[in-house]
Amino acid sequence: MDVEIKGNILAVVTTDEKKIMCGGVPVFLAEDKEEQEKLSLKLSKITSGTIHDLENGCYIIVSH
């Protein structure tokens with residue numbers, strides 16, 4: 001039996017420590033934009049998720 005999680009935020013990647021809040025999603029703090037992009041890409045590959053740029057300094061990885 002395969003179990004899939006769809007339509008959920010899997011992770012958040014940000015460079016702004018002020019945007020980190022407690023919640024049910026793992027949050028990764030990157031040192032700069034380049035590291036943020038690399039982390040997001042690796043996480044999306046690992047989780048088979050899609051990267052979305054919220055244009056506020058945060059990327060989210062979502063399963064569709």
# chains A, B, ... in the order shown; residues from 1 in each chain; ligands from 1
$ select_by_dssp --residues "chain A" --states "strand (DSSP E or B)" --output "MDAnalysis selection string"
chainID A and resid 8:14 27:29 50:53 58:63
$ residues_around --residues "segment 40-46 of chain A" --least-positions-apart "2" --cutoff "12 Å" --atoms "only C-alpha atoms" --output "PyMOL selection string"
chain A and resi 9-15+26-30+33-38+48-53+58-64
